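Peer 1: My structure is stored as target02.cif, with mmCIF, C-alpha atoms.
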```
data_target
loop_
_atom_site.label_atom_id
_atom_site.label_comp_id
_atom_site.auth_asym_id
_atom_site.auth_seq_id
_atom_site.Cartn_x
_atom_site.Cartn_y
_atom_site.Cartn_z
CA MET A 1 0.00 0.00 0.00
CA ARG A 2 1.45 3.36 -1.08
CA VAL A 3 1.26 6.23 1.42
CA LEU A 4 2.18 9.91 1.07
CA LEU A 5 3.13 11.53 4.39
CA VAL A 6 2.82 15.32 4.15
CA GLU A 7 4.54 16.68 7.24
CA ASP A 8 7.33 19.22 7.82
CA GLU A 9 8.49 18.12 11.28
CA ALA A 10 11.62 16.12 10.47
CA GLY A 11 11.64 14.04 13.65
CA LEU A 12 8.03 12.94 13.19
CA VAL A 13 8.58 12.20 9.51
CA SER A 14 11.55 9.97 10.30
CA ALA A 15 9.75 8.11 13.08
CA LEU A 16 6.54 7.57 11.10
CA ARG A 17 8.37 6.50 7.96
CA VAL A 18 10.27 3.78 9.83
CA ALA A 19 7.20 2.65 11.81
CA LEU A 20 4.94 2.46 8.74
CA GLN A 21 7.56 0.68 6.66
CA ARG A 22 7.76 -1.95 9.40
CA GLU A 23 4.00 -2.37 8.98
CA GLY A 24 4.53 -3.07 5.29
CA TYR A 25 3.59 0.33 3.84
CA ALA A 26 5.55 2.00 1.04
CA VAL A 27 6.05 5.56 2.30
CA ASP A 28 6.82 8.70 0.31
CA THR A 29 7.20 12.03 2.09
CA ALA A 30 6.66 15.71 1.34
CA GLY A 31 7.46 18.64 3.61
CA ARG A 32 5.61 21.29 1.66
CA VAL A 33 2.31 21.67 -0.21
CA ALA A 34 4.09 22.25 -3.52
CA GLU A 35 6.14 19.08 -3.12
CA ALA A 36 3.03 17.08 -2.24
CA GLN A 37 1.20 18.43 -5.31
CA GLU A 38 4.07 17.33 -7.55
CA LYS A 39 4.00 13.80 -6.18
CA LEU A 40 0.21 13.55 -6.29
CA ALA A 41 0.30 14.56 -9.96
CA VAL A 42 2.31 11.49 -10.94
CA THR A 43 1.36 8.85 -8.35
CA THR A 44 -1.99 7.50 -7.18
CA TYR A 45 -1.64 7.04 -3.43
CA ASP A 46 -3.84 4.74 -1.37
CA ILE A 47 -3.66 7.07 1.64
CA VAL A 48 -2.40 10.63 2.22
CA LEU A 49 -1.42 11.43 5.81
CA LEU A 50 -1.75 15.19 5.91
CA ASP A 51 -0.61 17.80 8.41
CA VAL A 52 -2.57 21.07 8.52
CA ASN A 53 0.20 23.58 9.21
CA LEU A 54 2.76 23.49 6.39
CA PRO A 55 5.46 26.05 5.52
CA ASP A 56 4.01 27.09 2.16
CA GLY A 57 0.31 26.53 2.65
CA ASP A 58 -2.58 24.90 4.39
CA GLY A 59 -3.37 21.20 4.65
CA PHE A 60 -7.07 22.00 4.44
CA GLU A 61 -6.54 23.57 1.01
CA LEU A 62 -4.50 20.59 -0.13
CA ALA A 63 -7.27 18.21 0.95
CA ALA A 64 -9.79 20.27 -1.02
CA SER A 65 -7.45 20.26 -4.04
CA ILE A 66 -7.18 16.45 -3.97
CA ARG A 67 -10.94 16.10 -3.84
CA SER A 68 -11.49 18.67 -6.61
CA ARG A 69 -9.90 16.26 -9.07
CA GLY A 70 -13.06 14.17 -9.05
CA ALA A 71 -13.35 10.47 -8.32
CA THR A 72 -10.17 9.20 -6.69
CA PRO A 73 -9.38 6.13 -4.60
CA THR A 74 -7.04 8.18 -2.41
CA ARG A 75 -8.02 8.37 1.27
CA ILE A 76 -7.04 11.43 3.31
CA LEU A 77 -6.22 11.17 7.01
CA MET A 78 -5.37 14.50 8.63
CA LEU A 79 -2.74 14.46 11.39
CA THR A 80 -2.61 17.71 13.32
CA ALA A 81 -2.39 19.33 16.72
CA ARG A 82 -5.41 21.48 15.81
CA GLY A 83 -8.05 19.41 17.55
CA GLN A 84 -10.83 21.90 18.14
CA LEU A 85 -14.27 20.95 16.87
CA ARG A 86 -14.33 23.65 14.19
CA ASP A 87 -11.00 22.40 12.79
CA ARG A 88 -12.16 18.79 12.66
CA VAL A 89 -15.41 19.77 10.98
CA ARG A 90 -13.61 21.96 8.45
CA GLY A 91 -11.17 19.18 7.55
CA LEU A 92 -13.93 16.63 7.04
CA ASP A 93 -16.06 19.07 5.05
CA LEU A 94 -13.14 19.85 2.73
CA GLY A 95 -12.57 16.23 1.85
CA ALA A 96 -10.67 14.45 4.63
CA ASP A 97 -11.88 10.93 5.41
CA ASP A 98 -10.62 10.96 8.98
CA TYR A 99 -8.96 13.33 11.44
CA LEU A 100 -6.44 12.29 14.10
CA VAL A 101 -5.18 14.76 16.69
CA LYS A 102 -1.52 14.83 17.78
CA PRO A 103 -0.11 13.30 19.85
CA PHE A 104 -1.42 9.89 18.82
CA ALA A 105 -0.46 6.25 19.25
CA LEU A 106 0.92 4.38 16.25
CA VAL A 107 -1.47 1.47 16.82
CA GLU A 108 -4.42 3.86 16.50
CA LEU A 109 -2.99 5.44 13.36
CA THR A 110 -2.51 2.08 11.64
CA ALA A 111 -5.95 0.89 12.76
CA ARG A 112 -7.52 4.01 11.25
CA MET A 113 -5.56 3.46 8.04
CA ARG A 114 -6.89 -0.09 7.78
CA ALA A 115 -10.41 1.16 8.45
CA LEU A 116 -10.14 3.77 5.69
CA THR A 117 -9.31 1.15 3.07
CA ARG A 118 -12.43 -0.84 3.96
CA ARG A 119 -14.85 1.95 3.04
CA ASP A 120 -17.14 2.12 0.01
CA GLY A 121 -17.07 -1.58 -0.67
CA ASP A 122 -13.32 -1.90 -0.84
CA PRO A 123 -12.65 -5.62 -0.29
CA SER A 124 -9.62 -4.97 1.87
CA ALA A 125 -9.87 -5.88 5.52
CA ALA A 126 -7.65 -6.65 8.48
CA VAL A 127 -7.82 -10.34 7.54
CA LEU A 128 -7.65 -11.30 3.84
CA VAL A 129 -8.40 -14.86 2.72
CA ASP A 130 -8.12 -16.85 -0.49
CA GLY A 131 -8.99 -20.48 0.20
CA PRO A 132 -6.13 -21.84 2.35
CA ILE A 133 -4.19 -18.55 2.23
CA LEU A 134 -4.74 -16.13 5.09
CA LEU A 135 -3.13 -12.72 5.63
CA ASP A 136 -3.68 -10.88 8.92
CA THR A 137 -2.57 -7.31 8.23
CA ALA A 138 -3.06 -6.18 11.81
CA ARG A 139 -0.80 -8.87 13.27
CA GLN A 140 1.52 -9.07 10.23
CA LEU A 141 0.84 -12.80 9.95
CA ALA A 142 0.62 -14.93 6.80
CA ARG A 143 -0.40 -18.60 6.56
CA ARG A 144 -1.25 -21.24 4.03
CA GLY A 145 -3.33 -23.83 5.79
CA ASP A 146 -1.49 -24.84 8.94
CA ARG A 147 1.82 -23.53 7.62
CA GLU A 148 3.01 -20.10 8.71
CA LEU A 149 4.78 -18.16 5.96
CA SER A 150 7.98 -16.25 6.64
CA LEU A 151 7.63 -13.27 4.30
CA THR A 152 9.75 -10.19 3.79
CA LEU A 153 7.97 -6.82 4.02
CA LYS A 154 7.81 -6.54 0.23
CA GLU A 155 6.52 -10.10 -0.19
CA PHE A 156 3.88 -9.30 2.44
CA GLY A 157 2.94 -6.12 0.57
CA VAL A 158 2.68 -7.90 -2.78
CA LEU A 159 0.50 -10.64 -1.29
CA ARG A 160 -1.74 -8.06 0.37
CA TYR A 161 -2.17 -6.22 -2.94
CA LEU A 162 -2.92 -9.40 -4.88
CA LEU A 163 -5.38 -10.63 -2.24
CA ARG A 164 -7.43 -7.48 -2.77
CA ARG A 165 -7.59 -8.29 -6.48
CA ILE A 166 -8.09 -12.05 -6.57
CA GLY A 167 -8.63 -13.29 -10.11
CA TYR A 168 -7.49 -10.04 -11.75
CA VAL A 169 -4.25 -9.52 -13.63
CA VAL A 170 -1.96 -7.01 -11.92
CA SER A 171 0.94 -5.58 -13.91
CA ALA A 172 4.48 -5.28 -12.59
CA GLU A 173 4.17 -1.50 -12.97
CA GLU A 174 1.07 -1.46 -10.76
CA LEU A 175 2.82 -3.50 -8.09
CA LEU A 176 5.85 -1.22 -8.25
CA GLU A 177 3.63 1.85 -7.81
CA HIS A 178 1.65 0.54 -4.85
CA VAL A 179 4.10 -1.68 -2.94
CA TRP A 180 7.41 0.13 -3.45
CA ASP A 181 8.18 3.76 -2.60
CA GLU A 182 9.63 6.55 -4.72
CA ASN A 183 13.20 5.32 -4.15
CA ALA A 184 12.61 2.09 -6.07
CA ASP A 185 14.46 1.71 -9.38
CA PRO A 186 11.82 1.02 -12.07
CA PHE A 187 14.44 -0.55 -14.34
CA THR A 188 15.40 -3.37 -11.97
CA GLN A 189 13.89 -6.85 -11.78
CA THR A 190 12.80 -6.32 -8.17
CA VAL A 191 9.10 -7.02 -8.83
CA ARG A 192 9.81 -10.20 -10.79
CA VAL A 193 12.22 -11.47 -8.16
CA THR A 194 9.87 -10.66 -5.27
CA VAL A 195 6.88 -12.31 -6.95
CA GLY A 196 9.04 -15.35 -7.73
CA THR A 197 10.15 -15.86 -4.13
CA LEU A 198 6.61 -15.23 -2.87
CA ARG A 199 5.23 -17.81 -5.31
CA ARG A 200 7.70 -20.41 -4.04
CA LYS A 201 6.84 -19.69 -0.40
CA LEU A 202 3.10 -19.95 -1.10
CA SER A 203 3.29 -23.25 -2.95
CA VAL A 204 5.59 -25.96 -1.61
CA ASP A 205 5.43 -29.75 -1.26
CA GLY A 206 2.96 -30.23 -4.10
CA GLU A 207 0.54 -27.45 -3.11
CA GLU A 208 -1.35 -25.79 -5.95
CA ALA A 209 0.39 -22.77 -7.45
CA ALA A 210 -1.26 -19.65 -6.06
CA ILE A 211 0.27 -16.99 -8.32
CA GLU A 212 0.18 -17.25 -12.10
CA THR A 213 2.25 -15.23 -14.55
CA VAL A 214 0.14 -13.99 -17.47
CA VAL A 215 2.71 -13.47 -20.20
CA GLY A 216 3.06 -9.87 -21.30
CA ARG A 217 0.47 -8.64 -18.78
CA GLY A 218 1.49 -9.37 -15.20
CA TYR A 219 0.45 -11.62 -12.33
CA ARG A 220 -2.78 -13.09 -11.02
CA LEU A 221 -3.63 -14.66 -7.67
CA ARG A 222 -5.87 -17.65 -8.34
CA GLU A 223 -9.20 -18.11 -6.59
CA LEU A 224 -8.10 -21.20 -4.70
CA ALA A 225 -11.43 -21.74 -2.93
CA ASP A 226 -13.42 -22.56 -6.08
CA GLU A 227 -10.72 -23.01 -8.74
CA PRO A 228 -12.64 -21.07 -11.46
CA ALA A 229 -11.86 -21.40 -15.16
CA LEU A 230 -9.47 -18.82 -16.60
CA PHE A 231 -11.95 -17.13 -18.96
CA GLY A 232 -10.50 -15.01 -21.72
CA THR A 233 -6.98 -16.40 -21.41
CA THR A 234 -5.55 -19.20 -23.51
CA ALA A 235 -3.49 -21.91 -21.91
CA ASP A 236 -0.25 -20.86 -23.61
CA GLU A 237 -0.54 -17.34 -22.15
CA VAL A 238 -0.37 -18.47 -18.54
CA THR A 239 2.60 -19.95 -16.70
CA THR A 240 2.70 -21.06 -13.09
#
```
Mind converting the file's structure to structure tokens?

Peer 2:
Amino acid sequence: MRVLLVEDEAGLVSALRVALQREGYAVDTAGRVAEAQEKLAVTTYDIVLLDVNLPDGDGFELAASIRSRGATPTRILMLTARGQLRDRVRGLDLGADDYLVKPFALVELTARMRALTRRDGDPSAAVLVDGPILLDTARQLARRGDRELSLTLKEFGVLRYLLRRIGYVVSAEELLEHVWDENADPFTQTVRVTVGTLRRKLSVDGEEAAIETVVGRGYRLRELADEPALFGTTADEVTT
């Protein structure tokens, strides 16, 4: 999940970046409104964590700007010391999805982030399941049947993204945008390598392959519960 943290307090930025990365989030940062606007113009973020008081502008105005672009999957969670009722109401009216007053506990922040991604019919949840595969995003736990999976943070992030899109083809570029941060090199084989190691960890000792490679298009997590036919794809297009 790709997150943009818009905050100018260096100590808080450093602490939140490390903490959220440990939770499996890909975190980009911006210390000014102008910098945030530049990044929002080229990347679709799952969540924007937004401070109100910024050196070159107002977080309220940035929230309104994001919403003025029309339909967007981006969720906005405002993080600010301005906790008066009128500030909370203004933030929500201008487009924020939630409002968290500083100081706050990390466990509450991450719980609110998970809650935001469950809104409006989004299939994401704290626990994601595909047949024998289970991913508990709150406890950072992955299993296939009775077997616990030892996943790296990126493998965990890729599996979480694929579990939200079971049966759909996801391109390497889409995975790179949502699971890796802005420091990732788009010309490396990092996505292919990560998916390959994840595939091996998911399917061992004769277990059915969970992740398919659709040649020229990307990757697909199979619906293991019902094993549906692969409509619209010929056999020679898919490798496991």

Peer 1: Around the point (-0.9, -12.1, -14.3), in the coordinates given by the file, pick out the residues reaching within 9 Å, counting all atoms listed in the file, and return them as a PDB file with C-alpha atoms, in the frame of the given file.

Peer 2:
```pdb
ATOM      1  CA  GLY A 167      -8.630 -13.290 -10.110  1.00  0.00           C
ATOM      2  CA  TYR A 168      -7.490 -10.040 -11.750  1.00  0.00           C
ATOM      3  CA  VAL A 169      -4.250  -9.520 -13.630  1.00  0.00           C
ATOM      4  CA  VAL A 170      -1.960  -7.010 -11.920  1.00  0.00           C
ATOM      5  CA  SER A 171       0.940  -5.580 -13.910  1.00  0.00           C
ATOM      6  CA  ALA A 172       4.480  -5.280 -12.590  1.00  0.00           C
ATOM      7  CA  ILE A 211       0.270 -16.990  -8.320  1.00  0.00           C
ATOM      8  CA  GLU A 212       0.180 -17.250 -12.100  1.00  0.00           C
ATOM      9  CA  THR A 213       2.250 -15.230 -14.550  1.00  0.00           C
ATOM     10  CA  VAL A 214       0.140 -13.990 -17.470  1.00  0.00           C
ATOM     11  CA  VAL A 215       2.710 -13.470 -20.200  1.00  0.00           C
ATOM     12  CA  GLY A 216       3.060  -9.870 -21.300  1.00  0.00           C
ATOM     13  CA  ARG A 217       0.470  -8.640 -18.780  1.00  0.00           C
ATOM     14  CA  GLY A 218       1.490  -9.370 -15.200  1.00  0.00           C
ATOM     15  CA  TYR A 219       0.450 -11.620 -12.330  1.00  0.00           C
ATOM     16  CA  ARG A 220      -2.780 -13.090 -11.020  1.00  0.00           C
ATOM     17  CA  LEU A 221      -3.630 -14.660  -7.670  1.00  0.00           C
ATOM     18  CA  VAL A 238      -0.370 -18.470 -18.540  1.00  0.00           C
ATOM     19  CA  THR A 239       2.600 -19.950 -16.700  1.00  0.00           C
TER      20      THR A 239
END
```

Peer 1: Counting only C-alpha atoms, select every polymer residue within 12 Å of (1.1, -9.4, 14.6) as defined in the file's coordinates, and provide the selection as number ranges by chain.

Peer 2: A: 22-24, 107, 126-127, 135-142

Peer 1: Under the PyMOL selection byres ((chain A and resi 178) around 9), which residues of this model are included? Write them out as an mmCIF file with C-alpha atoms, in the coordinates of the input.

Peer 2:
```
data_model
loop_
_atom_site.group_PDB
_atom_site.id
_atom_site.type_symbol
_atom_site.label_atom_id
_atom_site.label_comp_id
_atom_site.auth_asym_id
_atom_site.auth_seq_id
_atom_site.Cartn_x
_atom_site.Cartn_y
_atom_site.Cartn_z
ATOM 1 C CA MET A 1 0.000 0.000 0.000
ATOM 2 C CA ARG A 2 1.450 3.360 -1.080
ATOM 3 C CA VAL A 3 1.260 6.230 1.420
ATOM 4 C CA TYR A 25 3.590 0.330 3.840
ATOM 5 C CA ALA A 26 5.550 2.000 1.040
ATOM 6 C CA THR A 44 -1.990 7.500 -7.180
ATOM 7 C CA TYR A 45 -1.640 7.040 -3.430
ATOM 8 C CA ASP A 46 -3.840 4.740 -1.370
ATOM 9 C CA GLY A 157 2.940 -6.120 0.570
ATOM 10 C CA VAL A 158 2.680 -7.900 -2.780
ATOM 11 C CA TYR A 161 -2.170 -6.220 -2.940
ATOM 12 C CA GLU A 173 4.170 -1.500 -12.970
ATOM 13 C CA GLU A 174 1.070 -1.460 -10.760
ATOM 14 C CA LEU A 175 2.820 -3.500 -8.090
ATOM 15 C CA LEU A 176 5.850 -1.220 -8.250
ATOM 16 C CA GLU A 177 3.630 1.850 -7.810
ATOM 17 C CA VAL A 179 4.100 -1.680 -2.940
ATOM 18 C CA TRP A 180 7.410 0.130 -3.450
ATOM 19 C CA ASP A 181 8.180 3.760 -2.600
#
```

Peer 1: Can you pull out the residues contacting Val129 (chain A)? Cut-off 12 Å, using only C-alpha atoms, and skip same-chain residues under 5 positions away; I want them as a PDB file with C-alpha atoms, in the coordinates of the input.

Peer 2:
```pdb
ATOM      1  CA  PRO A 123     -12.650  -5.620  -0.290  1.00  0.00           C
ATOM      2  CA  SER A 124      -9.620  -4.970   1.870  1.00  0.00           C
ATOM      3  CA  LEU A 134      -4.740 -16.130   5.090  1.00  0.00           C
ATOM      4  CA  LEU A 135      -3.130 -12.720   5.630  1.00  0.00           C
ATOM      5  CA  ASP A 136      -3.680 -10.880   8.920  1.00  0.00           C
ATOM      6  CA  THR A 137      -2.570  -7.310   8.230  1.00  0.00           C
ATOM      7  CA  LEU A 141       0.840 -12.800   9.950  1.00  0.00           C
ATOM      8  CA  ALA A 142       0.620 -14.930   6.800  1.00  0.00           C
ATOM      9  CA  ARG A 143      -0.400 -18.600   6.560  1.00  0.00           C
ATOM     10  CA  ARG A 144      -1.250 -21.240   4.030  1.00  0.00           C
ATOM     11  CA  GLY A 145      -3.330 -23.830   5.790  1.00  0.00           C
ATOM     12  CA  LEU A 159       0.500 -10.640  -1.290  1.00  0.00           C
ATOM     13  CA  ARG A 160      -1.740  -8.060   0.370  1.00  0.00           C
ATOM     14  CA  LEU A 162      -2.920  -9.400  -4.880  1.00  0.00           C
ATOM     15  CA  LEU A 163      -5.380 -10.630  -2.240  1.00  0.00           C
ATOM     16  CA  ARG A 164      -7.430  -7.480  -2.770  1.00  0.00           C
ATOM     17  CA  ARG A 165      -7.590  -8.290  -6.480  1.00  0.00           C
ATOM     18  CA  ILE A 166      -8.090 -12.050  -6.570  1.00  0.00           C
ATOM     19  CA  LEU A 221      -3.630 -14.660  -7.670  1.00  0.00           C
ATOM     20  CA  ARG A 222      -5.870 -17.650  -8.340  1.00  0.00           C
ATOM     21  CA  GLU A 223      -9.200 -18.110  -6.590  1.00  0.00           C
ATOM     22  CA  LEU A 224      -8.100 -21.200  -4.700  1.00  0.00           C
ATOM     23  CA  ALA A 225     -11.430 -21.740  -2.930  1.00  0.00           C
TER      24      ALA A 225
END
```

Peer 1: How many Å lie between CA of Pro186 (chain A) and CA of Arg199 (chain A), rounded to one decimal?

Peer 2: 21.1 Å

Peer 1: For CA of Glu7 (chain A) and CA of Ala34 (chain A), determine how far apart the two atoms are, in Å to one decimal place.

Peer 2: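 CA of Glu7 (chain A) sits 12.1 Å away from CA of Ala34 (chain A).
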
Peer 1: Running the PyMOL selection byres ((chain A and resi 74) around 12) on this model by hand, what would come out? Give it as a PyMOL selection string.

Peer 2: chain A and resi 1-4+40+43-49+63+66-67+69-73+75-77+95-97+113+116-117+119+122+178

Peer 1: Expressed in Å to a single decimal, how great is the separation between CA of Leu85 (chain A) and CA of Asp56 (chain A)?

Peer 2: 24.3 Å

Peer 1: Would you kindly return, as a count of residues only, each protein, DNA or RNA residue with an atom no farther than 7 Å from any atom of region 78-84 of chain A, considering only C-alpha atoms and excluding same-chain residues fewer than 3 positions away?

Peer 2: 12

Peer 1: From the set A:Glu35, A:Asp28, A:Glu148, A:Gly11, which residue has the shortest atom-to-atom contact distance to Asn183 (chain A), counting all atoms listed in the file?

Peer 2: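 Nearest candidate to Asn183 (chain A) out of A:Glu35, A:Asp28, A:Glu148, A:Gly11: A:Asp28.
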
Peer 1: Which is closer to Thr152 (chain A) than all the others in A:Leu106, A:Gln21, A:Phe60, A:Ala41, using only C-alpha atoms?

Peer 2: A:Gln21
